[in-house]
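> This is model.txt (compact mmCIF, C-alpha atoms and all ligand atoms).
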```
# COMPACT_ATOMS: atom_id res chain seq x y z
CA MET X 182 0.00 0.00 0.00
CA LEU X 183 1.08 3.61 -0.48
CA LYS X 184 2.68 5.49 2.42
CA ARG X 185 0.75 8.63 1.52
CA LYS X 186 -2.84 7.92 0.54
CA ASN X 187 -5.03 10.87 1.50
CA LEU X 188 -4.28 13.05 -1.51
CA VAL X 189 -5.13 16.27 -3.28
CA PHE X 190 -4.33 16.61 -7.01
CA LEU X 191 -3.88 20.32 -7.69
CA GLY X 192 -3.24 22.04 -11.00
CA PRO X 193 -4.74 23.86 -13.96
CA PRO X 194 -7.37 22.26 -16.19
CA GLY X 195 -5.74 19.96 -18.74
CA ALA X 196 -2.67 19.26 -16.59
CA GLY X 197 -3.39 15.51 -16.42
CA LYS X 198 -4.88 15.18 -12.92
CA GLY X 199 -7.66 12.91 -14.19
CA THR X 200 -5.34 10.78 -16.31
CA LEU X 201 -2.86 10.14 -13.51
CA SER X 202 -5.76 9.51 -11.12
CA THR X 203 -6.97 6.74 -13.42
CA MET X 204 -3.48 5.20 -13.56
CA LEU X 205 -3.14 5.28 -9.77
CA LEU X 206 -6.64 3.86 -9.25
CA ASP X 207 -5.81 0.92 -11.52
CA GLU X 208 -3.19 -0.10 -8.96
CA TYR X 209 -4.45 1.12 -5.59
CA PRO X 210 -7.89 0.96 -3.95
CA LEU X 211 -8.30 4.69 -3.37
CA ALA X 212 -11.61 6.56 -3.62
CA HIS X 213 -11.68 8.99 -6.56
CA ILE X 214 -13.42 12.23 -5.65
CA SER X 215 -13.63 14.44 -8.74
CA THR X 216 -15.89 17.40 -8.06
CA GLY X 217 -16.15 18.04 -11.83
CA ASP X 218 -17.40 14.45 -12.40
CA ILE X 219 -19.88 14.70 -9.50
CA LEU X 220 -21.24 17.99 -10.89
CA ARG X 221 -21.50 16.59 -14.44
CA LYS X 222 -23.51 13.65 -13.05
CA GLU X 223 -25.86 16.10 -11.29
CA ILE X 224 -26.30 17.91 -14.62
CA ALA X 225 -27.00 14.65 -16.49
CA ASN X 226 -29.62 13.73 -13.85
CA GLN X 227 -31.11 17.24 -14.14
CA THR X 228 -31.12 17.73 -10.38
CA GLU X 229 -31.67 21.15 -8.84
CA LEU X 230 -27.97 21.29 -7.94
CA GLY X 231 -27.04 20.26 -11.49
CA LEU X 232 -29.15 22.95 -13.09
CA LYS X 233 -27.59 25.60 -10.88
CA ALA X 234 -24.03 24.29 -11.37
CA LYS X 235 -24.42 24.15 -15.17
CA GLU X 236 -24.70 27.93 -15.39
CA TYR X 237 -21.30 28.37 -13.75
CA MET X 238 -19.61 25.45 -15.47
CA ASN X 239 -20.59 26.41 -19.01
CA LYS X 240 -19.04 29.83 -18.43
CA GLY X 241 -15.85 28.34 -17.01
CA GLN X 242 -16.58 29.83 -13.60
CA LEU X 243 -16.36 28.13 -10.23
CA VAL X 244 -19.45 26.70 -8.56
CA PRO X 245 -19.86 28.38 -5.13
CA ASP X 246 -17.47 27.10 -2.44
CA GLU X 247 -20.17 26.00 0.02
CA VAL X 248 -21.87 23.85 -2.62
CA VAL X 249 -18.77 21.88 -3.64
CA ALA X 250 -17.35 21.73 -0.11
CA GLY X 251 -20.66 20.27 1.11
CA MET X 252 -20.55 17.60 -1.60
CA VAL X 253 -17.00 16.65 -0.67
CA ALA X 254 -17.65 16.62 3.09
CA SER X 255 -20.45 14.11 2.67
CA ARG X 256 -18.44 11.99 0.16
CA LEU X 257 -15.48 11.78 2.57
CA LYS X 258 -17.70 9.95 5.07
CA ASP X 259 -18.21 7.04 2.64
CA GLN X 260 -16.66 3.71 3.57
CA ASP X 261 -14.40 3.54 0.48
CA CYS X 262 -12.51 6.65 1.64
CA GLU X 263 -11.10 4.65 4.57
CA ASN X 264 -8.42 3.20 2.23
CA GLY X 265 -7.38 6.68 1.11
CA PHE X 266 -8.69 9.07 -1.52
CA ILE X 267 -7.73 11.35 -4.40
CA LEU X 268 -9.39 14.75 -4.33
CA ASP X 269 -9.22 15.63 -8.03
CA GLY X 270 -10.07 19.27 -8.77
CA PHE X 271 -10.90 20.16 -5.17
CA PRO X 272 -10.06 22.44 -3.40
CA ARG X 273 -9.90 25.24 -5.98
CA THR X 274 -9.88 28.24 -3.62
CA VAL X 275 -8.22 28.95 -0.27
CA ASN X 276 -11.70 29.10 1.27
CA GLN X 277 -12.42 25.60 -0.06
CA ALA X 278 -9.10 24.41 1.41
CA GLU X 279 -10.15 25.73 4.81
CA LEU X 280 -13.57 24.10 4.51
CA LEU X 281 -11.80 20.86 3.55
CA GLU X 282 -9.61 21.03 6.63
CA LYS X 283 -12.71 21.26 8.82
CA ALA X 284 -14.44 18.41 6.97
CA LEU X 285 -11.36 16.20 7.35
CA GLN X 286 -11.11 17.01 11.05
CA ASN X 287 -14.77 16.04 11.48
CA ALA X 288 -14.10 12.76 9.70
CA GLY X 289 -10.97 12.11 11.81
CA LYS X 290 -8.68 12.35 8.79
CA SER X 291 -5.89 14.55 7.46
CA LEU X 292 -4.11 15.09 4.16
CA ASP X 293 -0.87 13.20 3.47
CA ALA X 294 0.21 14.97 0.26
CA VAL X 295 -0.79 17.57 -2.31
CA ILE X 296 0.50 16.87 -5.81
CA TYR X 297 0.86 19.98 -7.93
CA PHE X 298 0.74 19.37 -11.71
CA ASN X 299 2.69 22.13 -13.39
CA ALA X 300 2.19 22.93 -17.11
CA ASP X 301 2.42 25.93 -19.42
CA ASP X 302 -0.65 27.50 -21.02
CA GLU X 303 0.20 26.49 -24.57
CA LEU X 304 0.25 22.80 -23.67
CA LEU X 305 -2.88 23.12 -21.52
CA LEU X 306 -4.91 24.78 -24.28
CA LYS X 307 -3.72 22.24 -26.84
CA ARG X 308 -4.78 19.40 -24.55
CA LEU X 309 -8.12 20.89 -23.49
CA THR X 310 -9.35 21.79 -26.95
CA ALA X 311 -8.42 18.35 -28.35
CA ARG X 312 -9.94 16.43 -25.43
CA LEU X 313 -12.68 13.87 -26.11
CA SER X 314 -14.80 12.65 -23.21
CA CYS X 315 -17.15 9.72 -22.73
CA LYS X 316 -20.18 9.37 -20.46
CA CYS X 317 -18.45 6.36 -18.82
CA GLY X 318 -15.72 8.67 -17.52
CA ALA X 319 -13.00 7.67 -20.01
CA VAL X 320 -11.04 10.52 -21.56
CA PHE X 321 -9.14 10.57 -24.87
CA ASN X 322 -7.30 13.20 -26.83
CA LYS X 323 -7.38 13.72 -30.60
CA LEU X 324 -3.68 14.63 -30.62
CA PHE X 325 -2.04 12.75 -27.77
CA SER X 326 -4.12 9.62 -27.05
CA PRO X 327 -6.77 9.10 -29.75
CA PRO X 328 -9.39 6.34 -29.43
CA LYS X 329 -8.85 3.26 -31.63
CA GLN X 330 -11.97 4.11 -33.65
CA GLU X 331 -12.74 7.74 -34.41
CA ASN X 332 -15.16 9.23 -31.84
CA ILE X 333 -15.92 5.85 -30.23
CA CYS X 334 -14.92 5.03 -26.65
CA ASP X 335 -12.41 2.13 -26.39
CA LYS X 336 -13.89 1.12 -23.04
CA CYS X 337 -17.67 1.13 -23.56
CA ASP X 338 -18.24 1.81 -27.31
CA GLY X 339 -20.08 5.00 -26.35
CA GLU X 340 -19.95 8.06 -28.58
CA LEU X 341 -17.27 10.55 -27.56
CA TYR X 342 -18.03 14.25 -27.22
CA GLN X 343 -16.27 17.53 -26.53
CA ARG X 344 -17.17 18.96 -23.11
CA PRO X 345 -18.88 22.34 -23.62
CA ASP X 346 -16.28 23.93 -21.34
CA ASP X 347 -13.39 22.56 -23.45
CA SER X 348 -14.10 25.06 -26.27
CA LEU X 349 -11.19 27.47 -26.76
CA GLU X 350 -13.17 30.43 -25.41
CA THR X 351 -14.24 28.70 -22.19
CA ALA X 352 -10.87 26.99 -21.73
CA LEU X 353 -9.26 30.45 -21.72
CA ASP X 354 -11.78 31.60 -19.08
CA ARG X 355 -11.04 28.51 -16.98
CA LEU X 356 -7.31 29.20 -17.09
CA LYS X 357 -7.89 32.77 -15.94
CA VAL X 358 -10.06 31.51 -13.06
CA TYR X 359 -7.29 29.04 -12.19
CA TYR X 360 -4.62 31.76 -11.97
CA ASP X 361 -6.87 34.12 -10.02
CA GLN X 362 -8.43 31.71 -7.55
CA THR X 363 -6.62 28.37 -7.45
CA GLN X 364 -2.95 29.19 -7.88
CA PRO X 365 -2.70 30.71 -4.35
CA LEU X 366 -3.20 27.16 -3.04
CA ILE X 367 0.34 26.29 -4.15
CA GLY X 368 1.80 28.57 -1.47
CA TYR X 369 -0.91 27.56 1.00
CA TYR X 370 0.04 23.86 0.83
CA GLN X 371 3.76 24.56 0.45
CA SER X 372 3.73 26.34 3.79
CA LYS X 373 2.12 23.26 5.34
CA GLY X 374 4.93 21.07 3.95
CA LEU X 375 2.50 18.97 1.91
CA LEU X 376 3.33 19.99 -1.66
CA SER X 377 5.24 18.02 -4.29
CA GLU X 378 5.42 18.95 -7.95
CA ILE X 379 5.09 16.98 -11.18
CA ASP X 380 6.00 18.36 -14.60
CA SER X 381 2.89 17.71 -16.69
CA ALA X 382 4.86 17.90 -19.93
CA LEU X 383 6.58 14.58 -19.08
CA PRO X 384 5.44 11.48 -20.95
CA GLN X 385 2.75 9.66 -18.93
CA PRO X 386 4.92 6.72 -17.71
CA GLN X 387 7.56 9.11 -16.37
CA ALA X 388 5.00 11.38 -14.73
CA TYR X 389 3.41 8.31 -13.12
CA ALA X 390 6.78 7.06 -11.86
CA MET X 391 7.42 10.47 -10.29
CA LEU X 392 4.00 10.40 -8.69
CA LEU X 393 4.63 7.01 -7.11
CA LYS X 394 8.03 8.12 -5.85
CA GLY X 395 6.37 11.07 -4.11
CA LEU X 396 3.76 8.85 -2.47
CA ASN X 397 6.15 6.22 -1.09
P1 LIG L 1 -13.16 19.83 -13.90
O1 LIG L 1 -13.84 18.61 -14.42
O2 LIG L 1 -12.39 19.58 -12.66
O3 LIG L 1 -12.35 20.53 -14.97
O4 LIG L 1 -14.32 20.87 -13.48
C1 LIG L 1 -15.23 21.35 -14.45
C2 LIG L 1 -15.98 22.54 -13.86
O5 LIG L 1 -16.73 22.12 -12.71
C3 LIG L 1 -15.13 23.70 -13.37
O6 LIG L 1 -14.74 24.57 -14.42
C4 LIG L 1 -16.08 24.36 -12.38
O7 LIG L 1 -17.10 25.10 -13.03
C5 LIG L 1 -16.75 23.15 -11.72
N1 LIG L 1 -15.96 22.69 -10.55
C6 LIG L 1 -15.30 21.51 -10.42
N2 LIG L 1 -14.67 21.44 -9.23
C7 LIG L 1 -14.93 22.61 -8.61
C8 LIG L 1 -14.52 23.17 -7.36
N3 LIG L 1 -13.71 22.52 -6.52
N4 LIG L 1 -14.98 24.41 -7.05
C9 LIG L 1 -15.80 25.08 -7.87
N5 LIG L 1 -16.19 24.64 -9.07
C10 LIG L 1 -15.76 23.40 -9.45
```
Starting from the file, lay out its structure as structure tokens.
Ligand code: AMP


Amino acid sequence: MLKRKNLVFLGPPGAGKGTLSTMLLDEYPLAHISTGDILRKEIANQTELGLKAKEYMNKGQLVPDEVVAGMVASRLKDQDCENGFILDGFPRTVNQAELLEKALQNAGKSLDAVIYFNADDELLLKRLTARLSCKCGAVFNKLFSPPKQENICDKCDGELYQRPDDSLETALDRLKVYYDQTQPLIGYYQSKGLLSEIDSALPQPQAYAMLLKGLN
């Protein structure tokens, strides 16, 4: 088992947090808590929360802190989080990080590591605008990791689609939101001695090897 298993994956959209999560989850029984995935499920189910969240998400803006922090606090109480968890895309503001600290305290847990995925804007925009997603959660990329059959998911044969917020215009908005609101978390977690960094431009096997080194 990993030495560090209560984890936050931090970084700009398109940095590979989801991809490396999937690789780690193939090997270790951690719970995957992606706030983006949870919100997209709420939208697909047309819940009240989903309808509200959609307005923010389609503009590339953040859903209000209390809403996402509440979702995460209740998810952290689930049994599967006992083995460890990856918080993928949460927290995204210092306020969310503080709310997370309280939620973890209430659940008798604490963070072991925060992995910061560092990448430059050019690479991020290239990745985001070429990304193809599937309803089953699988993610491909037209340029870097295309599906075997054009627009068809390798895992479930579902039709692939471009997320509305992966358009160039919204991707640019999301990057701006990241720099304004999320980047301060790098210093926040550095000062707590929890941060380690991965260069997102590395080929996937090397990035994964670095990740494992940081967690053991
Ligand atoms: P992601 O799948 O992580 O790229 O998230 C997609 C979108 O969901 C973001 O652009 C936000 O609108 C929303 N979202 C996901 N996680 C959070 C969060 N921690 N705080 C606020 N909004 C979030």

> As a quick test: using all atoms listed in the file, which residues lie no more than 10 Å away from ligand LIG 1 (chain L)? Give them as a PyMOL selection string.

chain X and resi 191-196+198-199+214-221+234-250+252-253+268-274+277-278+309+344-347+351-352+354-356+358-359+362-363

> Using all atoms listed in the file, which of the listed residues (X:Ser348, X:Ala382, X:Leu375, X:Met182) sits closest to X:Ser291?

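Among the listed residues, the smallest separation from X:Ser291 belongs to X:Leu375.
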
> May I ask which of the residues X:Phe298, X:Phe266, X:Phe190, X:Tyr209 is the closest one to X:Ile379, counting only C-alpha atoms?

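Smallest separation from X:Ile379 among the options: X:Phe298.
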
> For each of X:Val295, X:Ser326, X:Leu230, X:Glu350, take the minimum atom-to-atom distance to X:Gly368, counting only C-alpha atoms, then give the residue where this is smallest.

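Counting only C-alpha atoms, the residue closest to X:Gly368 is X:Val295.
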
> Neighbours of X:Ala288 within 12 Å (all atoms listed in the file; same-chain residues fewer than 2 positions away dropped), as a list in words?

Val253, Ala254, Ser255, Arg256, Leu257, Lys258, Asp259, Gln260, Cys262, Glu263, Leu281, Glu282, Lys283, Ala284, Leu285, Gln286, Lys290, Ser291 and Leu292 of chain X

> Between atom CA of X:Pro328 and atom CA of X:Lys316, what is the spacing in Å?

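One can read the atom CA of X:Lys316 to atom CA of X:Pro328 distance as 14.4 Å.
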
> Could you work out an axis-aligned bounding box for all listed atoms of stretch 265-272 of chain X, with 5 Å added on each of the six sides, and give its centre and edge lengths in Å to one decimal, as JSON?


```
{"center_x": -9.1, "center_y": 14.6, "center_z": -3.8, "size_x": 13.5, "size_y": 25.8, "size_z": 19.9}
```
